[in-house]
Amino acid sequence: MNRLPLVSRNSLIQGTILLVGLVILATLPFYGSIYATILLSTVFMYIVLTLSWAIFSGPTGQISLATAAFFGIGIYVAATLGKQLPLLVVILTGGLAAAAMAWLVGSLTLRLKGVYFTIFTFGLLELMKYLLLWFEVTFTGTRGRFVVVVDHSTIYYTMLTIVVLTLLTAYLLRRSKFGLALQAIGEQEEAAEHIGINVTLLKVSTFAISALFVGAAGAIMATRWTYVDPYIAFNMNYSFTPVLMAIFGGLGQLGGPVLGAVIFAYLEQILITKFPYYYMLLFGIVMVISVVYLPSGLAGLIQQWRSRAMGGKYAHS
Amino acid sequence: MLVTILDIVIAGLLLGGLYAVIAMGLSLQYGVARVLNIAHGEFIMLGGLTTWALRAAFGINPLWGLVVCGPAAFILGFFLHRTLYKRLMVTSGSPGVFEGNSMLASFGLLFIIQNLALIGWRSDIKGYSYLAFPVNIGGALFGANRLVTLGFALLIGIAFYIFLARTRMGKAIRAAAQDPATAGLMGVNISFVLALCFGLGAAMAACAGMLISMSYPVYTAMGMEYTVIAIIVVVLGGLGSIPGSFIGGFILGLIGSLVTYFDSALALVAYYVIFTFLLLLKPTGLMGK
Amino acid sequence: MPILEGQGVTKYFGGLAAVSNVDFHVEQGEILGLIGPNGAGKTTLFGLISAAHVPNRGVIKFKGENIAGLKPYQICRRGLARTFQSVKIFPNMPVINNVVLGAHFGSPMSVKSKQAAQEAARLLDFVGLSEMAAEPARDLTLANQKLLEVARALATKPEVLLLDEIMAGLNQTEIAQAMELVTKMRAQGITIVMVEHVMKAIMSICDRIIVLHHGEKIAEGTPQEIVRSETVIKVYLGE
């Protein structure tokens, strides 16, 4: 966890690179094309989804398929409130609503053994979709709603902000005692409980935090679809894709999910219009290969190459 | 009034028979091989679409689909376990990790199978008519094809029960489900039994697909809905209990039929609500361990 | 007042009574041995005391407080820690982090990182694992993993420590070291309850012994009394 020296040459270099990258990204709308802005917004979205998923499911090992449910909540908050309230409020509400749902669901089900929890989160998505459908059909008479339109730059900057916040949260959590405790919970939950870790509270809180960013992202990305209905908003794709991206990228380092998200988000953009089936096929193949052959993902592989190239030892937590 | 109740009950049994076969296959794969096969529905889809394709191309009676799809799916499932899942068993550190990894691998498989099918068969809805004439039972009309489906579901269920209870391989399977380590020590070729179960599960799925194709339209995206139903039934019956899945299938079918009578849009919601309550209150289901 | 006590403690698993109507008390500063054939209910009793399980009947009190309704992490923060029969260290993190976690979360007050790190280092030294501080815990030998569990438990600043078969699978030298460690801990004022099968250890360091069989307490007394008890002899030789 704590490596000596605290601010090594390594982290100084990494920090500088990050800062430069941030500046480049922050100024992109001024010199980049609209296509680039839109593409990057989508990439940011996937980074947020993937990283958020990894914040909880990474250390604890409990696979959540609820990401799409939280995303959908954010979308629906924007669809419902977008016209009446200022954008910032809508985004915050989307995030908080998703976090609240995560808190509720988490409190009820995080004590469920591994597979049961996953199945439940999967069912949650479907339940929300069909409930909302039924609600709309029965009460409002309409299916779906129209969302307020927002310009590309605003979407871009909002997503960039959310990405930075998610990354920061993930980083700080990882380095803190809570991050270590989460890892302990994932490795040996009973022992963790017995050394004073309030497992339930920690799991539920982390789950809720991860949902916060997903909900906020949903609220802003909703403005891209002018029309949403339960099928569009609660799309299983947004649960599966982050899982693949995170596993392919690797859960050992923070950069893993980011790497996986960037690669696959970009791939999706290239392939999805002309070769949608081939894209998903590739998706599946990479998934299987990652699970079987790449236990620490791409980032882990890169780490291994680097340490072999340098000949030295990297202290691995 | 009585006719209505009979109507609902029989419709429920017809649906339930289908659910039972679908769930038994998944139960075998999870209960014994400990693989939560999210791609289960894709095998169902393959069974259904292959049957349709054979009929469309050669005019073959769909019941022959059982003879073709069943064994083919079995071989595919057996092979998949021997290569993919067995390897995962070796690399996963603990049973918990294996369950997670095998589920993720099944994910990947889902995308692979579904998209291969999409590339081959496109996404349009296909169907055919077979034994579609109505049969009158107690004043209500039911399609003969659906009755045949129920018949086969019962047949498969009973045949499988006998297989498990009476044959040597059946006993080996039950031993492996209870305690793989001890069963291995007693001379059971665990590796073979697990792959066998996985293959059998896939075969059942394919047969279910064929049965579905007789009465309902089939399309490449149909798998997911059935996977979900299978999971719900397996949890209802009790994870790890094959008889539980059989009974659970009929129970869910009856519930579905009842809810559909009042409001067909709520059927799936009802399934999920039941599912939620089950997981929260009695995750071991009716007959689970 | 005993620091830890129970009356009529009963626990069923399925239809079987794992622990049946057991009364026990532990005085502060003593070393209490808990013995009995396999399946006698010893580990279950530990689980009931640490709140991993909830008793079907009976009351358990720690420092005079009824622990019913408390969760394991609360019991730990109140000053009761345990080790596990099947060692439950955190395998993929460095040895020192295993202990750091105990230091951070085991006490009711918040602990700063530096403090926790120092405490962890001190405890690793106490059990003799300083050299392996940076190793992943899974790479340790069984004996060392058990020591690590003890260090981690100690990091939570317990007043009572439950040791579940820490000598199982150890060779003679390791057993002697473990015995010395237990004595050292008692010298620091920690009350110890130990489940053990290694009779030599039980007889020499325990002040009192409780014997369980089929979930029931069948004998209680000093090591000398237990050794001479006919009931106990029958149970151990008759199985």
# chains A, B, ... in the order shown; residues from 1 in each chain; ligands from 1

$ interface_residues --of "chain C" --to "chain B" --cutoff "12 Å" --atoms "only C-alpha atoms" --output "number ranges by chain"
C: 14, 91-92, 138

$ write_last_selection --atoms "C-alpha atoms" --output "tab-separated table (two decimals), in the first residue's frame"
chain	number	residue	atom	x	y	z
C	14	GLY	CA	-30.51	-28.42	10.71
C	91	PRO	CA	-3.67	-14.29	1.00
C	92	ASN	CA	-3.01	-11.79	-1.75
C	138	ARG	CA	-0.19	-16.85	0.79

$ interface_residues --of "chain B" --to "chain A" --cutoff "8 Å" --atoms "only C-alpha atoms" --output "JSON, numbers by chain"
{"B": [84, 87, 88, 91, 96, 99, 100, 101, 104, 105, 106, 107, 108, 109, 110, 111, 112, 113, 115, 116, 118, 119, 228, 265, 266, 268, 269, 272, 273, 275, 276, 279, 280, 283]}

$ residues_around --residues "stretch 53-57 of chain A" --least-positions-apart "5" --cutoff "8 Å" --atoms "only C-alpha atoms" --output "list of chain:residue names"
A:Gln62, A:Ile63, A:Ser64, A:Thr67, A:Ala170, A:Lys203, A:Thr206, A:Phe207, A:Ser210, A:Pro242, A:Val243, A:Ala246, A:Leu251, A:Pro257

$ write_last_selection --atoms "C-alpha atoms" --output "PDB file, in the first residue's frame"
ATOM      1  CA  GLN A  62     -18.976  -9.698  -6.297  1.00  0.00           C
ATOM      2  CA  ILE A  63     -19.970  -9.248  -9.908  1.00  0.00           C
ATOM      3  CA  SER A  64     -22.667  -6.625 -10.251  1.00  0.00           C
ATOM      4  CA  THR A  67     -24.690  -0.862 -13.917  1.00  0.00           C
ATOM      5  CA  ALA A 170     -11.185   5.328  -7.339  1.00  0.00           C
ATOM      6  CA  LYS A 203     -19.968  -2.817   0.788  1.00  0.00           C
ATOM      7  CA  THR A 206     -18.993   1.536  -2.010  1.00  0.00           C
ATOM      8  CA  PHE A 207     -21.806   0.150  -4.106  1.00  0.00           C
ATOM      9  CA  SER A 210     -20.102   3.525  -7.723  1.00  0.00           C
ATOM     10  CA  PRO A 242     -18.255  -2.541 -18.573  1.00  0.00           C
ATOM     11  CA  VAL A 243     -17.658  -6.018 -17.157  1.00  0.00           C
ATOM     12  CA  ALA A 246     -12.792  -4.119 -16.902  1.00  0.00           C
ATOM     13  CA  LEU A 251      -8.548  -5.279 -12.289  1.00  0.00           C
ATOM     14  CA  PRO A 257     -10.480  -0.615 -16.559  1.00  0.00           C
TER      15      PRO A 257
END

$ interface_residues --of "chain C" --to "chain A" --cutoff "8 Å" --atoms "only C-alpha atoms" --output "ChimeraX atom specification"
/C:50,72-77,81-82,88-94,97,101-102,104-107,113,136,152-153,156

$ atom_distance --atom1 "atom CA of B:Thr260" --atom2 "atom CA of B:Pro217"
18.9 Å

$ select_by_dssp --residues "stretch 70-276 of chain B" --states "strand (DSSP E or B)" --output "list in words"
Lys126, Pro134, Val135, Asn136, Ile137, Ala140, Leu141, Phe142, Gly143 and Val218 of chain B

$ select_by_dssp --residues "stretch 9-253 of chain B" --states "alpha helix (DSSP H)" --output "VMD selection string"
chain B and resid 9 to 31 40 to 58 64 to 80 86 to 91 95 to 121 144 to 166 168 to 178 180 to 185 190 to 215 223 to 237 242 to 253

$ residues_around --residues "B:Ile173" --least-positions-apart "6" --cutoff "9 Å" --atoms "only C-alpha atoms" --output "list in words"
Val32, Leu164, Val188, Ile190, Val193, Leu194, Leu196 and Cys197 of chain B

$ write_last_selection --atoms "C-alpha atoms" --output "compact mmCIF listing (two decimals), in the first residue's frame"
# COMPACT_ATOMS: atom_id res chain seq x y z
CA VAL B 32 -23.36 -30.60 -10.80
CA LEU B 164 -30.70 -40.42 -12.42
CA VAL B 188 -16.14 -41.84 -10.29
CA ILE B 190 -15.41 -36.71 -12.13
CA VAL B 193 -19.27 -36.80 -15.32
CA LEU B 194 -19.08 -33.02 -15.17
CA LEU B 196 -21.46 -35.22 -19.38
CA CYS B 197 -23.79 -33.16 -17.25

$ atom_distance --atom1 "atom CA of A:Pro29" --atom2 "atom CA of A:Tyr156"
8.1 Å

$ residues_around --residues "A:Ile75" --least-positions-apart "3" --cutoff "12 Å" --atoms "only C-alpha atoms" --output "number ranges by chain"
A: 68-72, 78-82, 90-95, 97-98, 144-148, 214-235

$ closest_residue --among "B:Glu225, B:Ala140, B:Lys126, B:Gly184" --to "B:Val9" --atoms "only C-alpha atoms"
B:Ala140
